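Below: the structure, in structure tokens.
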Amino acid sequence: MIITQSKLISNLDSSPFHTEGDMREENQSSTLNFILLGITSQQDQEDVVFTLFLFIYPITLVGNLLIVLAIHSDIHLHNPMYFFLANLSFVDIFFSSVTVPKMLANHLLGSKAISFGGCLTQMYFMIALANTDSYLLAVMAYDRAVAVSRPLHYTMIISPRSCVLLVVGSWVVGNANALPHTLLTASLSFCGNQEVANFYCDITPLLKLSCSDIHFNVKMMYLGAGVFCVPLICIIISYIWVFSTVLRVPFPKGVLKAFSTCASHLTVVSLYYGTVMGMYFRPLTSYSLKDAVITMMYTAVTPMLNPFIYSLRNRDVKAALGKLFSKTISS
């Protein structure tokens, strides 16, 4: 009986389900904390950044929420272009909310710590929402291209069913791109320095902190960046199609109006992709705390500017916002 119990204990110790590595990983996931260094290492500058984010975040929430409510409340805006815009604003609300509240709370509490699980969760949603944002911008470009180049077939091509499928597809691709990066990062070991050179958990500084072999992770990161940039190629093709059509044929007023809405979209695309590509399309070793300023541009500033870019240049949205304010005041 004693021999049997000894063998059983020995088998459990050597079982593949109870390896030393697994126990280390479980211990790491429960005890490891990262330190988010923020955007600057200077205390007086941190106070300025905190005040800036405290100003940016409410404007982002209110601005994007107003766009969603205005489009929902005005029947004249119940068409594909504004359906996609409402979804973009919806994504931007979550995009900012993944990182900014944590940064503000850390500053107020005097702590820069984030748990391993919290860090992975933040990274997952940042990658998923950034990709969803990217694909929605491509969908909006395609919508404008069809409106300008195929106006007579527009309602048939961009049907309600197509709109839903395009938006759902954007969410699916975004989450599908985020999942492997999160799982691969979760399998890494972190030892020694645990200071993340950013105000949120981004994949690039996390890979720099790992003491595991990250060659495969880096390859997957560049592959993910490629998936992220597929919409940019679609946007470029869409606008080549638009401009070639505009230069080739004279258009009625309605089509010229559709073409005029492209300017707002191009502004948003330039801001978004310009900052993202400046951040990720370079060697991993060149990343430093100074680059956190670039991430602030596309995670906080761009989502704040989007409602202004689309509403200030669009009379229909401004009219819908006016009606929304009038209803709110009268009630």
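Residues in the structure tokens are numbered from 1 in each chain, the chains being A, B, ... in the order shown, and ligands are numbered from 1 in the order shown.
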DSSP on the backbone: what in region 28-231 of chain A comes out strand (DSSP E or B), as a PDB file with all heavy atoms, in the first residue's frame?
ATOM      1  N   ASN A  33       3.136  42.264 -11.537  1.00  0.00           N
ATOM      2  CA  ASN A  33       2.571  43.592 -11.802  1.00  0.00           C
ATOM      3  C   ASN A  33       3.536  44.377 -12.675  1.00  0.00           C
ATOM      4  O   ASN A  33       4.754  44.262 -12.529  1.00  0.00           O
ATOM      5  CB  ASN A  33       2.338  44.364 -10.498  1.00  0.00           C
ATOM      6  CG  ASN A  33       1.147  43.843  -9.726  1.00  0.00           C
ATOM      7  OD1 ASN A  33       0.106  43.563 -10.300  1.00  0.00           O
ATOM      8  ND2 ASN A  33       1.304  43.689  -8.414  1.00  0.00           N
ATOM      9  N   PHE A  34       2.978  45.151 -13.583  1.00  0.00           N
ATOM     10  CA  PHE A  34       3.790  46.044 -14.401  1.00  0.00           C
ATOM     11  C   PHE A  34       3.631  47.473 -13.894  1.00  0.00           C
ATOM     12  O   PHE A  34       2.632  47.822 -13.256  1.00  0.00           O
ATOM     13  CB  PHE A  34       3.361  45.969 -15.865  1.00  0.00           C
ATOM     14  CG  PHE A  34       3.707  44.676 -16.540  1.00  0.00           C
ATOM     15  CD1 PHE A  34       2.721  43.746 -16.852  1.00  0.00           C
ATOM     16  CD2 PHE A  34       5.017  44.376 -16.878  1.00  0.00           C
ATOM     17  CE1 PHE A  34       3.032  42.551 -17.459  1.00  0.00           C
ATOM     18  CE2 PHE A  34       5.340  43.188 -17.492  1.00  0.00           C
ATOM     19  CZ  PHE A  34       4.354  42.263 -17.787  1.00  0.00           C
ATOM     20  N   ILE A  35       4.613  48.289 -14.186  1.00  0.00           N
ATOM     21  CA  ILE A  35       4.569  49.711 -13.844  1.00  0.00           C
ATOM     22  C   ILE A  35       4.434  50.497 -15.147  1.00  0.00           C
ATOM     23  O   ILE A  35       5.308  50.421 -16.016  1.00  0.00           O
ATOM     24  CB  ILE A  35       5.841  50.162 -13.094  1.00  0.00           C
ATOM     25  CG1 ILE A  35       6.063  49.304 -11.845  1.00  0.00           C
ATOM     26  CG2 ILE A  35       5.756  51.634 -12.735  1.00  0.00           C
ATOM     27  CD1 ILE A  35       4.955  49.372 -10.827  1.00  0.00           C
ATOM     28  N   LEU A  36       3.344  51.237 -15.292  1.00  0.00           N
ATOM     29  CA  LEU A  36       3.121  52.058 -16.491  1.00  0.00           C
ATOM     30  C   LEU A  36       3.821  53.398 -16.291  1.00  0.00           C
ATOM     31  O   LEU A  36       3.395  54.211 -15.464  1.00  0.00           O
ATOM     32  CB  LEU A  36       1.614  52.262 -16.720  1.00  0.00           C
ATOM     33  CG  LEU A  36       0.793  50.980 -16.929  1.00  0.00           C
ATOM     34  CD1 LEU A  36      -0.705  51.315 -16.990  1.00  0.00           C
ATOM     35  CD2 LEU A  36       1.208  50.262 -18.207  1.00  0.00           C
ATOM     36  N   ALA A 113       0.812  51.004 -11.068  1.00  0.00           N
ATOM     37  CA  ALA A 113       0.814  49.549 -11.219  1.00  0.00           C
ATOM     38  C   ALA A 113      -0.404  49.061 -11.994  1.00  0.00           C
ATOM     39  O   ALA A 113      -1.480  49.649 -11.926  1.00  0.00           O
ATOM     40  CB  ALA A 113       0.854  48.881  -9.856  1.00  0.00           C
ATOM     41  N   ILE A 114      -0.197  47.964 -12.730  1.00  0.00           N
ATOM     42  CA  ILE A 114      -1.281  47.249 -13.400  1.00  0.00           C
ATOM     43  C   ILE A 114      -0.946  45.765 -13.348  1.00  0.00           C
ATOM     44  O   ILE A 114       0.207  45.374 -13.528  1.00  0.00           O
ATOM     45  CB  ILE A 114      -1.486  47.726 -14.861  1.00  0.00           C
ATOM     46  CG1 ILE A 114      -2.712  47.043 -15.491  1.00  0.00           C
ATOM     47  CG2 ILE A 114      -0.249  47.505 -15.712  1.00  0.00           C
ATOM     48  CD1 ILE A 114      -3.119  47.633 -16.843  1.00  0.00           C
ATOM     49  N   SER A 115      -1.944  44.941 -13.051  1.00  0.00           N
ATOM     50  CA  SER A 115      -1.707  43.504 -12.926  1.00  0.00           C
ATOM     51  C   SER A 115      -1.403  42.880 -14.281  1.00  0.00           C
ATOM     52  O   SER A 115      -1.702  43.462 -15.332  1.00  0.00           O
ATOM     53  CB  SER A 115      -2.926  42.826 -12.295  1.00  0.00           C
ATOM     54  OG  SER A 115      -4.029  42.888 -13.188  1.00  0.00           O
ATOM     55  N   PHE A 190       8.521  37.102 -17.785  1.00  0.00           N
ATOM     56  CA  PHE A 190       9.009  38.462 -17.527  1.00  0.00           C
ATOM     57  C   PHE A 190       9.832  38.439 -16.244  1.00  0.00           C
ATOM     58  O   PHE A 190       9.359  38.020 -15.191  1.00  0.00           O
ATOM     59  CB  PHE A 190       7.840  39.436 -17.396  1.00  0.00           C
ATOM     60  CG  PHE A 190       7.041  39.578 -18.659  1.00  0.00           C
ATOM     61  CD1 PHE A 190       5.948  38.755 -18.893  1.00  0.00           C
ATOM     62  CD2 PHE A 190       7.380  40.509 -19.625  1.00  0.00           C
ATOM     63  CE1 PHE A 190       5.197  38.868 -20.063  1.00  0.00           C
ATOM     64  CE2 PHE A 190       6.652  40.632 -20.801  1.00  0.00           C
ATOM     65  CZ  PHE A 190       5.557  39.806 -21.013  1.00  0.00           C
ATOM     66  N   GLU A 195       8.944  47.747 -16.005  1.00  0.00           N
ATOM     67  CA  GLU A 195       8.449  49.098 -16.287  1.00  0.00           C
ATOM     68  C   GLU A 195       8.082  49.213 -17.767  1.00  0.00           C
ATOM     69  O   GLU A 195       8.935  49.106 -18.649  1.00  0.00           O
ATOM     70  CB  GLU A 195       9.517  50.134 -15.929  1.00  0.00           C
ATOM     71  CG  GLU A 195       9.828  50.175 -14.442  1.00  0.00           C
ATOM     72  CD  GLU A 195      10.881  51.212 -14.113  1.00  0.00           C
ATOM     73  OE1 GLU A 195      11.666  51.584 -15.033  1.00  0.00           O
ATOM     74  OE2 GLU A 195      10.940  51.661 -12.954  1.00  0.00           O
ATOM     75  N   VAL A 196       6.803  49.445 -18.025  1.00  0.00           N
ATOM     76  CA  VAL A 196       6.289  49.571 -19.392  1.00  0.00           C
ATOM     77  C   VAL A 196       6.437  51.019 -19.836  1.00  0.00           C
ATOM     78  O   VAL A 196       5.883  51.927 -19.210  1.00  0.00           O
ATOM     79  CB  VAL A 196       4.801  49.145 -19.472  1.00  0.00           C
ATOM     80  CG1 VAL A 196       4.270  49.309 -20.897  1.00  0.00           C
ATOM     81  CG2 VAL A 196       4.635  47.712 -18.998  1.00  0.00           C
ATOM     82  N   SER A 210      10.315  41.205 -22.007  1.00  0.00           N
ATOM     83  CA  SER A 210      10.330  39.752 -21.826  1.00  0.00           C
ATOM     84  C   SER A 210      11.754  39.187 -21.839  1.00  0.00           C
ATOM     85  O   SER A 210      12.613  39.662 -22.583  1.00  0.00           O
ATOM     86  CB  SER A 210       9.505  39.085 -22.925  1.00  0.00           C
ATOM     87  OG  SER A 210       9.589  37.676 -22.812  1.00  0.00           O
TER      88      SER A 210
END
- Task: Write out as a VMD selection string the residues lying within 12 Å of region 103-111 of chain A, counting only C-alpha atoms and excluding same-chain residues fewer than 3 positions away.
- Result: chain A and resid 33 to 39 43 46 to 58 96 to 100 114 to 115 122 198 to 201 296 300
- Which residue gives the smallest distance to Leu232 (chain A) among A:Ile93, A:Asn131, A:Gln194, A:Lys327, with only C-alpha atoms counted?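 Counting only C-alpha atoms, the residue closest to Leu232 (chain A) is A:Asn131.
You can rank A:Gln42, A:Gly118, A:His78, A:Leu32 by their closest distance to Ala320 (chain A) using only C-alpha atoms, and at the top of that list sits A:His78.
Close contacts of Tyr142 (chain A), defined as residues with an atom at most 6 Å away when counting only C-alpha atoms, with chain neighbours fewer than 3 positions off set aside, comprise Val139, Ala145 and Ser238 of chain A.
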I need the chosen residues saved as a compact mmCIF listing (two decimals), in the first residue's frame, with all heavy atoms.
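Dumped to out_5.txt:
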# COMPACT_ATOMS: atom_id res chain seq x y z
N VAL A 139 -14.25 50.58 -44.87
CA VAL A 139 -15.66 50.41 -45.27
C VAL A 139 -16.24 51.76 -45.68
O VAL A 139 -16.97 51.86 -46.68
CB VAL A 139 -16.46 49.79 -44.10
CG1 VAL A 139 -17.96 49.92 -44.35
CG2 VAL A 139 -16.09 48.33 -43.92
N ALA A 145 -16.72 55.57 -52.43
CA ALA A 145 -16.31 55.23 -53.79
C ALA A 145 -17.51 54.77 -54.61
O ALA A 145 -17.67 55.16 -55.77
CB ALA A 145 -15.24 54.15 -53.76
N SER A 238 -9.82 52.77 -53.23
CA SER A 238 -11.14 53.42 -53.28
C SER A 238 -11.02 54.86 -53.75
O SER A 238 -11.80 55.33 -54.59
CB SER A 238 -11.81 53.37 -51.90
OG SER A 238 -12.10 52.05 -51.52
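Nearest to Pro160 (chain A) of all the residues A:Ile127, A:Cys119, A:Met81, A:Ile233 is A:Met81, based on only C-alpha atoms.
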- Item | region 234-236 of chain A surroundings by only C-alpha atoms, 12 Å radius, close-in-sequence under 6 positions cut, as a list in words | Ser134, Tyr135, Leu136, Leu137, Ala138, Val139, Met140, Ala141, Tyr142, Asp143, Arg144, Ala145, Val227, Phe228, Val242, Phe243, Cys262, His265, Leu266, Val268, Val269, Ser270 and Tyr273 of chain A
- Task: Taking the DSSP assignment computed from this structure's backbone, write out as an NGL selection string all residues of region 57-278 of chain A that belong to helix (DSSP H, G or I).
- Result: :A and (57-73 or 75-77 or 80-97 or 100-109 or 116-149 or 151-157 or 160-186 or 203-209 or 215-248 or 253-260 or 262-278)
- What is the distance, in Å and to one decimal place, between CA of Ser311 (chain A) and CA of Val172 (chain A)?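 Between these atoms lies a distance of 28.1 Å.
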